[in-house]
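Working notes for the structure below.
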Amino acid sequence: MMKRITPEMLDGLTELFVETFNAPPWNDLWTREQARTRLLDIMKRPKFLGLADVRDGRPVGMVMGHAEQSYDGLHFQILEFCVANDRKGQGIGAEMMKQFTDYLDKKGITAVYLLTMRSSSGEDFYLKQGFKTISEMCVMSKRYGT
Ligand SMILES: CC(C)(COP(=O)(O)OP(=O)(O)OC[C@H]1O[C@@H](n2cnc3c(N)ncnc32)[C@H](O)[C@@H]1OP(=O)(O)O)[C@@H](O)C(=O)NCCC(=O)NCCS
């Protein structure tokens with residue numbers, strides 16, 4: 001069942017996040033505490049919206065992010081999107097994206113965007129959900145220390 005994400009869901013979402021992103025293809029090194037802080041920080045953003053697919057009390061998928069005002073309406077950035085390792089490939093991600101973008105549409109969002117690795121399974125998945133890779137833009141960063 002698809003549910004609006006609320007802070008009471010933080011423990012379950014933290015488990016889902018750590019399990020998913022510490023596994024291939026990302027093989028991140030999240031601790032539970034870091035993941036919990038990240039998810040809580042996102043939930044506290046102005047204009048936060050998120051949905052979780054909850055089965056038997058356990059979140060098996062989540063999508064979350066925040067809207068930002070632009071001159072042509074509200075733009076929404078998806079900051080996290082994942083499906084539990086044991087539930088991948090069952091259509092949960094596609095259904096979650098459909099329901100979430102319908103929900104954003106009803107909230108008056110005019111564009112949705114996100115960052116992911118080029119030529120990754122993430123890009124392949126989002127292309128199938130109707131997203132386009134924007135070749136005119138680049139992501140820039142500057143790192144400090146080593
Ligand atoms: C990417 C992810 C969200 C996909 O969720 P999912 O529930 O497994 O995807 P679905 O079963 O709904 O698949 C929907 C479509 O995307 C395709 N797809 C799903 N995972 C894919 C992958 N790893 N590589 C290529 N295509 C993929 C499916 O083949 C399916 O295509 P179809 O419509 O032609 O049948 C999930 O694998 C995941 O959580 N991965 C780890 C976290 C992550 O990468 N998040 C997104 C990038 S930050």
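Ordered as shown in the structure tokens, chains take letters A, B, and onward, while each chain numbers its residues from 1 and ligands are numbered from 1 in the order shown.
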Based on DSSP run over this structure's backbone, return all residues of chain A in alpha helix (DSSP H), as a PDB file with N, CA, C and O atoms, in the first residue's frame.
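Dumped to part.pdb:
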ATOM      1  N   LEU A  10      10.632   6.662   9.903  1.00  0.00           N
ATOM      2  CA  LEU A  10      12.080   6.826   9.714  1.00  0.00           C
ATOM      3  C   LEU A  10      12.891   5.542   9.934  1.00  0.00           C
ATOM      4  O   LEU A  10      13.797   5.247   9.155  1.00  0.00           O
ATOM      5  N   ASP A  11      12.565   4.766  10.967  1.00  0.00           N
ATOM      6  CA  ASP A  11      13.359   3.554  11.245  1.00  0.00           C
ATOM      7  C   ASP A  11      13.292   2.568  10.077  1.00  0.00           C
ATOM      8  O   ASP A  11      14.315   2.066   9.613  1.00  0.00           O
ATOM      9  N   GLY A  12      12.088   2.302   9.600  1.00  0.00           N
ATOM     10  CA  GLY A  12      11.918   1.361   8.483  1.00  0.00           C
ATOM     11  C   GLY A  12      12.575   1.864   7.210  1.00  0.00           C
ATOM     12  O   GLY A  12      13.192   1.087   6.466  1.00  0.00           O
ATOM     13  N   LEU A  13      12.459   3.162   6.971  1.00  0.00           N
ATOM     14  CA  LEU A  13      13.056   3.734   5.760  1.00  0.00           C
ATOM     15  C   LEU A  13      14.581   3.709   5.832  1.00  0.00           C
ATOM     16  O   LEU A  13      15.256   3.505   4.823  1.00  0.00           O
ATOM     17  N   THR A  14      15.116   3.881   7.047  1.00  0.00           N
ATOM     18  CA  THR A  14      16.574   3.832   7.229  1.00  0.00           C
ATOM     19  C   THR A  14      17.090   2.433   6.892  1.00  0.00           C
ATOM     20  O   THR A  14      18.087   2.275   6.176  1.00  0.00           O
ATOM     21  N   GLU A  15      16.390   1.403   7.377  1.00  0.00           N
ATOM     22  CA  GLU A  15      16.784   0.019   7.068  1.00  0.00           C
ATOM     23  C   GLU A  15      16.770  -0.220   5.561  1.00  0.00           C
ATOM     24  O   GLU A  15      17.707  -0.785   4.991  1.00  0.00           O
ATOM     25  N   LEU A  16      15.689   0.231   4.920  1.00  0.00           N
ATOM     26  CA  LEU A  16      15.543   0.045   3.474  1.00  0.00           C
ATOM     27  C   LEU A  16      16.670   0.757   2.728  1.00  0.00           C
ATOM     28  O   LEU A  16      17.282   0.198   1.810  1.00  0.00           O
ATOM     29  N   PHE A  17      16.961   1.975   3.136  1.00  0.00           N
ATOM     30  CA  PHE A  17      17.973   2.790   2.464  1.00  0.00           C
ATOM     31  C   PHE A  17      19.365   2.153   2.580  1.00  0.00           C
ATOM     32  O   PHE A  17      20.087   2.002   1.587  1.00  0.00           O
ATOM     33  N   VAL A  18      19.738   1.746   3.793  1.00  0.00           N
ATOM     34  CA  VAL A  18      21.069   1.159   4.026  1.00  0.00           C
ATOM     35  C   VAL A  18      21.210  -0.149   3.245  1.00  0.00           C
ATOM     36  O   VAL A  18      22.197  -0.377   2.537  1.00  0.00           O
ATOM     37  N   GLU A  19      20.182  -0.975   3.345  1.00  0.00           N
ATOM     38  CA  GLU A  19      20.199  -2.281   2.663  1.00  0.00           C
ATOM     39  C   GLU A  19      20.354  -2.089   1.147  1.00  0.00           C
ATOM     40  O   GLU A  19      21.117  -2.796   0.489  1.00  0.00           O
ATOM     41  N   THR A  20      19.639  -1.104   0.605  1.00  0.00           N
ATOM     42  CA  THR A  20      19.622  -0.926  -0.842  1.00  0.00           C
ATOM     43  C   THR A  20      20.908  -0.311  -1.373  1.00  0.00           C
ATOM     44  O   THR A  20      21.487  -0.803  -2.342  1.00  0.00           O
ATOM     45  N   PHE A  21      21.344   0.774  -0.743  1.00  0.00           N
ATOM     46  CA  PHE A  21      22.492   1.495  -1.317  1.00  0.00           C
ATOM     47  C   PHE A  21      23.843   0.904  -0.920  1.00  0.00           C
ATOM     48  O   PHE A  21      24.846   1.180  -1.581  1.00  0.00           O
ATOM     49  N   ARG A  32      23.939   3.181   9.711  1.00  0.00           N
ATOM     50  CA  ARG A  32      22.522   3.476  10.003  1.00  0.00           C
ATOM     51  C   ARG A  32      22.351   4.920  10.450  1.00  0.00           C
ATOM     52  O   ARG A  32      21.403   5.592  10.072  1.00  0.00           O
ATOM     53  N   GLU A  33      23.300   5.382  11.258  1.00  0.00           N
ATOM     54  CA  GLU A  33      23.171   6.740  11.803  1.00  0.00           C
ATOM     55  C   GLU A  33      23.253   7.791  10.687  1.00  0.00           C
ATOM     56  O   GLU A  33      22.471   8.744  10.659  1.00  0.00           O
ATOM     57  N   GLN A  34      24.212   7.600   9.762  1.00  0.00           N
ATOM     58  CA  GLN A  34      24.328   8.549   8.641  1.00  0.00           C
ATOM     59  C   GLN A  34      23.059   8.546   7.789  1.00  0.00           C
ATOM     60  O   GLN A  34      22.562   9.593   7.378  1.00  0.00           O
ATOM     61  N   ALA A  35      22.561   7.341   7.516  1.00  0.00           N
ATOM     62  CA  ALA A  35      21.381   7.229   6.657  1.00  0.00           C
ATOM     63  C   ALA A  35      20.175   7.877   7.326  1.00  0.00           C
ATOM     64  O   ALA A  35      19.412   8.613   6.694  1.00  0.00           O
ATOM     65  N   ARG A  36      20.034   7.633   8.605  1.00  0.00           N
ATOM     66  CA  ARG A  36      18.916   8.218   9.367  1.00  0.00           C
ATOM     67  C   ARG A  36      18.981   9.743   9.330  1.00  0.00           C
ATOM     68  O   ARG A  36      17.983  10.414   9.115  1.00  0.00           O
ATOM     69  N   THR A  37      20.194  10.271   9.523  1.00  0.00           N
ATOM     70  CA  THR A  37      20.372  11.732   9.492  1.00  0.00           C
ATOM     71  C   THR A  37      20.012  12.268   8.110  1.00  0.00           C
ATOM     72  O   THR A  37      19.307  13.273   7.987  1.00  0.00           O
ATOM     73  N   ARG A  38      20.503  11.593   7.067  1.00  0.00           N
ATOM     74  CA  ARG A  38      20.201  12.072   5.705  1.00  0.00           C
ATOM     75  C   ARG A  38      18.693  12.098   5.445  1.00  0.00           C
ATOM     76  O   ARG A  38      18.157  13.086   4.959  1.00  0.00           O
ATOM     77  N   LEU A  39      18.037  10.994   5.774  1.00  0.00           N
ATOM     78  CA  LEU A  39      16.601  10.917   5.482  1.00  0.00           C
ATOM     79  C   LEU A  39      15.815  11.935   6.300  1.00  0.00           C
ATOM     80  O   LEU A  39      14.906  12.601   5.785  1.00  0.00           O
ATOM     81  N   LEU A  40      16.205  12.112   7.574  1.00  0.00           N
ATOM     82  CA  LEU A  40      15.508  13.093   8.411  1.00  0.00           C
ATOM     83  C   LEU A  40      15.741  14.512   7.881  1.00  0.00           C
ATOM     84  O   LEU A  40      14.816  15.326   7.835  1.00  0.00           O
ATOM     85  N   ASP A  41      16.966  14.798   7.460  1.00  0.00           N
ATOM     86  CA  ASP A  41      17.272  16.121   6.881  1.00  0.00           C
ATOM     87  C   ASP A  41      16.380  16.378   5.659  1.00  0.00           C
ATOM     88  O   ASP A  41      15.862  17.478   5.473  1.00  0.00           O
ATOM     89  N   ILE A  42      16.236  15.356   4.823  1.00  0.00           N
ATOM     90  CA  ILE A  42      15.400  15.532   3.619  1.00  0.00           C
ATOM     91  C   ILE A  42      13.945  15.793   4.027  1.00  0.00           C
ATOM     92  O   ILE A  42      13.282  16.682   3.487  1.00  0.00           O
ATOM     93  N   MET A  43      13.479  15.021   5.004  1.00  0.00           N
ATOM     94  CA  MET A  43      12.074  15.182   5.435  1.00  0.00           C
ATOM     95  C   MET A  43      11.790  16.567   5.997  1.00  0.00           C
ATOM     96  O   MET A  43      10.658  17.025   5.982  1.00  0.00           O
ATOM     97  N   ILE A  92       7.636  -2.741  -8.799  1.00  0.00           N
ATOM     98  CA  ILE A  92       7.350  -1.827  -7.682  1.00  0.00           C
ATOM     99  C   ILE A  92       7.869  -0.419  -7.985  1.00  0.00           C
ATOM    100  O   ILE A  92       7.174   0.582  -7.778  1.00  0.00           O
ATOM    101  N   GLY A  93       9.100  -0.322  -8.520  1.00  0.00           N
ATOM    102  CA  GLY A  93       9.684   0.994  -8.819  1.00  0.00           C
ATOM    103  C   GLY A  93       8.854   1.757  -9.842  1.00  0.00           C
ATOM    104  O   GLY A  93       8.560   2.944  -9.658  1.00  0.00           O
ATOM    105  N   ALA A  94       8.441   1.064 -10.907  1.00  0.00           N
ATOM    106  CA  ALA A  94       7.656   1.720 -11.966  1.00  0.00           C
ATOM    107  C   ALA A  94       6.315   2.202 -11.416  1.00  0.00           C
ATOM    108  O   ALA A  94       5.890   3.322 -11.680  1.00  0.00           O
ATOM    109  N   GLU A  95       5.666   1.366 -10.610  1.00  0.00           N
ATOM    110  CA  GLU A  95       4.357   1.732 -10.048  1.00  0.00           C
ATOM    111  C   GLU A  95       4.502   2.904  -9.062  1.00  0.00           C
ATOM    112  O   GLU A  95       3.687   3.829  -9.046  1.00  0.00           O
ATOM    113  N   MET A  96       5.576   2.865  -8.284  1.00  0.00           N
ATOM    114  CA  MET A  96       5.811   3.932  -7.311  1.00  0.00           C
ATOM    115  C   MET A  96       6.051   5.254  -8.042  1.00  0.00           C
ATOM    116  O   MET A  96       5.528   6.299  -7.645  1.00  0.00           O
ATOM    117  N   MET A  97       6.829   5.204  -9.116  1.00  0.00           N
ATOM    118  CA  MET A  97       7.101   6.436  -9.880  1.00  0.00           C
ATOM    119  C   MET A  97       5.798   6.967 -10.487  1.00  0.00           C
ATOM    120  O   MET A  97       5.558   8.178 -10.477  1.00  0.00           O
ATOM    121  N   LYS A  98       4.975   6.061 -11.003  1.00  0.00           N
ATOM    122  CA  LYS A  98       3.717   6.497 -11.615  1.00  0.00           C
ATOM    123  C   LYS A  98       2.834   7.184 -10.566  1.00  0.00           C
ATOM    124  O   LYS A  98       2.344   8.292 -10.785  1.00  0.00           O
ATOM    125  N   GLN A  99       2.664   6.519  -9.432  1.00  0.00           N
ATOM    126  CA  GLN A  99       1.793   7.099  -8.405  1.00  0.00           C
ATOM    127  C   GLN A  99       2.371   8.407  -7.867  1.00  0.00           C
ATOM    128  O   GLN A  99       1.638   9.355  -7.592  1.00  0.00           O
ATOM    129  N   PHE A 100       3.697   8.448  -7.738  1.00  0.00           N
ATOM    130  CA  PHE A 100       4.311   9.667  -7.183  1.00  0.00           C
ATOM    131  C   PHE A 100       4.176  10.828  -8.161  1.00  0.00           C
ATOM    132  O   PHE A 100       3.836  11.941  -7.764  1.00  0.00           O
ATOM    133  N   THR A 101       4.419  10.595  -9.442  1.00  0.00           N
ATOM    134  CA  THR A 101       4.330  11.702 -10.401  1.00  0.00           C
ATOM    135  C   THR A 101       2.862  12.139 -10.588  1.00  0.00           C
ATOM    136  O   THR A 101       2.602  13.328 -10.775  1.00  0.00           O
ATOM    137  N   ASP A 102       1.910  11.216 -10.472  1.00  0.00           N
ATOM    138  CA  ASP A 102       0.487  11.608 -10.490  1.00  0.00           C
ATOM    139  C   ASP A 102       0.184  12.524  -9.298  1.00  0.00           C
ATOM    140  O   ASP A 102      -0.512  13.531  -9.422  1.00  0.00           O
ATOM    141  N   TYR A 103       0.741  12.138  -8.166  1.00  0.00           N
ATOM    142  CA  TYR A 103       0.561  12.897  -6.916  1.00  0.00           C
ATOM    143  C   TYR A 103       1.187  14.298  -7.061  1.00  0.00           C
ATOM    144  O   TYR A 103       0.577  15.314  -6.706  1.00  0.00           O
ATOM    145  N   LEU A 104       2.387  14.367  -7.639  1.00  0.00           N
ATOM    146  CA  LEU A 104       3.056  15.660  -7.838  1.00  0.00           C
ATOM    147  C   LEU A 104       2.257  16.529  -8.799  1.00  0.00           C
ATOM    148  O   LEU A 104       2.133  17.743  -8.604  1.00  0.00           O
ATOM    149  N   ASP A 105       1.706  15.898  -9.820  1.00  0.00           N
ATOM    150  CA  ASP A 105       0.886  16.619 -10.791  1.00  0.00           C
ATOM    151  C   ASP A 105      -0.292  17.283 -10.078  1.00  0.00           C
ATOM    152  O   ASP A 105      -0.593  18.464 -10.286  1.00  0.00           O
ATOM    153  N   LYS A 106      -0.926  16.526  -9.184  1.00  0.00           N
ATOM    154  CA  LYS A 106      -2.092  17.062  -8.445  1.00  0.00           C
ATOM    155  C   LYS A 106      -1.671  18.210  -7.527  1.00  0.00           C
ATOM    156  O   LYS A 106      -2.478  19.087  -7.213  1.00  0.00           O
ATOM    157  N   SER A 121      22.277   1.637 -14.069  1.00  0.00           N
ATOM    158  CA  SER A 121      20.960   1.003 -14.020  1.00  0.00           C
ATOM    159  C   SER A 121      19.918   2.044 -13.631  1.00  0.00           C
ATOM    160  O   SER A 121      18.763   1.952 -14.038  1.00  0.00           O
ATOM    161  N   GLY A 122      20.348   3.049 -12.832  1.00  0.00           N
ATOM    162  CA  GLY A 122      19.422   4.130 -12.466  1.00  0.00           C
ATOM    163  C   GLY A 122      18.977   4.880 -13.702  1.00  0.00           C
ATOM    164  O   GLY A 122      17.777   5.090 -13.909  1.00  0.00           O
ATOM    165  N   GLU A 123      19.930   5.262 -14.563  1.00  0.00           N
ATOM    166  CA  GLU A 123      19.568   5.996 -15.790  1.00  0.00           C
ATOM    167  C   GLU A 123      18.629   5.143 -16.656  1.00  0.00           C
ATOM    168  O   GLU A 123      17.618   5.629 -17.149  1.00  0.00           O
ATOM    169  N   ASP A 124      18.967   3.862 -16.809  1.00  0.00           N
ATOM    170  CA  ASP A 124      18.116   2.968 -17.623  1.00  0.00           C
ATOM    171  C   ASP A 124      16.694   2.927 -17.068  1.00  0.00           C
ATOM    172  O   ASP A 124      15.715   2.996 -17.813  1.00  0.00           O
ATOM    173  N   PHE A 125      16.596   2.795 -15.751  1.00  0.00           N
ATOM    174  CA  PHE A 125      15.279   2.735 -15.111  1.00  0.00           C
ATOM    175  C   PHE A 125      14.500   4.034 -15.355  1.00  0.00           C
ATOM    176  O   PHE A 125      13.342   3.998 -15.782  1.00  0.00           O
ATOM    177  N   TYR A 126      15.137   5.179 -15.122  1.00  0.00           N
ATOM    178  CA  TYR A 126      14.421   6.461 -15.266  1.00  0.00           C
ATOM    179  C   TYR A 126      14.039   6.734 -16.724  1.00  0.00           C
ATOM    180  O   TYR A 126      12.975   7.290 -16.988  1.00  0.00           O
ATOM    181  N   LEU A 127      14.889   6.333 -17.669  1.00  0.00           N
ATOM    182  CA  LEU A 127      14.535   6.495 -19.086  1.00  0.00           C
ATOM    183  C   LEU A 127      13.243   5.740 -19.392  1.00  0.00           C
ATOM    184  O   LEU A 127      12.376   6.228 -20.105  1.00  0.00           O
ATOM    185  N   LYS A 128      13.125   4.544 -18.785  1.00  0.00           N
ATOM    186  CA  LYS A 128      11.904   3.748 -19.007  1.00  0.00           C
ATOM    187  C   LYS A 128      10.673   4.376 -18.373  1.00  0.00           C
ATOM    188  O   LYS A 128       9.552   4.062 -18.749  1.00  0.00           O
TER     189      LYS A 128
END
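Residue nearest ligand 1, chosen from A:Ile134, A:Leu29, A:Cys82, A:Met64 and counting only C-alpha atoms and all ligand atoms: A:Cys82.
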Next item on the list: Pick out the closest residue to ligand 1 from this set: A:Met2, A:Val83, A:Ala67, A:Ala23. Count only C-alpha atoms and all ligand atoms.
Entry: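 Ranked by minimum distance to ligand 1, first place goes to A:Val83.
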Check: In terms of the shortest atom-to-atom distance over only C-alpha atoms, which of A:Ala84, A:Met117, A:Ala111, A:Ile5 is closest to Trp26 (chain A)?
Finding: A:Met117
Next item on the list: Please provide the set of residues having any atom within 6 Å of region 68-79 of chain A, restricted to only C-alpha atoms, with same-chain residues fewer than 2 positions apart removed, written as a ChimeraX atom specification.
Entry: /A:64-66,109-114
How would the residues just picked look written out with N, CA, C and O atoms as a CSV table (one decimal), in the first residue's frame?
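Output file again.csv is given in full below:
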chain,number,residue,atom,x,y,z
A,64,MET,N,11.4,10.1,-2.4
A,64,MET,CA,11.3,11.4,-1.6
A,64,MET,C,12.1,12.5,-2.2
A,64,MET,O,13.1,12.2,-2.9
A,65,GLY,N,11.6,13.7,-1.9
A,65,GLY,CA,12.4,14.9,-2.4
A,65,GLY,C,11.6,16.1,-2.0
A,65,GLY,O,10.8,16.1,-1.1
A,66,HIS,N,11.9,17.2,-2.7
A,66,HIS,CA,11.3,18.5,-2.3
A,66,HIS,C,11.1,19.4,-3.5
A,66,HIS,O,11.8,19.3,-4.5
A,109,ILE,N,3.0,20.6,-9.4
A,109,ILE,CA,4.4,20.6,-9.8
A,109,ILE,C,4.5,20.6,-11.3
A,109,ILE,O,3.7,19.8,-12.0
A,110,THR,N,5.4,21.4,-11.9
A,110,THR,CA,5.4,21.5,-13.4
A,110,THR,C,6.6,20.8,-14.0
A,110,THR,O,6.6,20.5,-15.2
A,111,ALA,N,7.6,20.4,-13.2
A,111,ALA,CA,8.7,19.6,-13.7
A,111,ALA,C,9.3,18.8,-12.6
A,111,ALA,O,9.3,19.2,-11.4
A,112,VAL,N,9.8,17.6,-12.9
A,112,VAL,CA,10.5,16.7,-11.9
A,112,VAL,C,11.9,16.5,-12.5
A,112,VAL,O,12.1,16.2,-13.7
A,113,TYR,N,12.9,16.5,-11.6
A,113,TYR,CA,14.3,16.2,-12.1
A,113,TYR,C,15.0,15.4,-11.0
A,113,TYR,O,14.6,15.4,-9.8
A,114,LEU,N,16.1,14.8,-11.3
A,114,LEU,CA,16.9,14.1,-10.4
A,114,LEU,C,18.3,13.9,-10.9
A,114,LEU,O,18.6,14.1,-12.1
Next item on the list: Would you please work out which residue, of A:Lys44, A:Arg4, A:Arg58, A:Arg118, is nearest to ligand 1 when using only C-alpha atoms and all ligand atoms?
Entry: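 Answer, going by the shortest atom-to-atom distance: A:Arg118.
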Next item on the list: Taking the chain letters and numbering used in this document, name the residues of region 29-79 of chain A that DSSP puts in strand (DSSP E or B), as a list in words.
Entry: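 Filtering region 29-79 of chain A down to strand (DSSP E or B) leaves Phe48, Leu49, Gly50, Leu51, Ala52, Asp53, Val54, Arg55, Arg58, Pro59, Val60, Gly61, Met62, Val63, Met64, Gly65, His66, Ala67, Glu68, Gln69, Ser70, Gly73, Leu74, His75, Phe76, Gln77, Ile78 and Leu79 of chain A.
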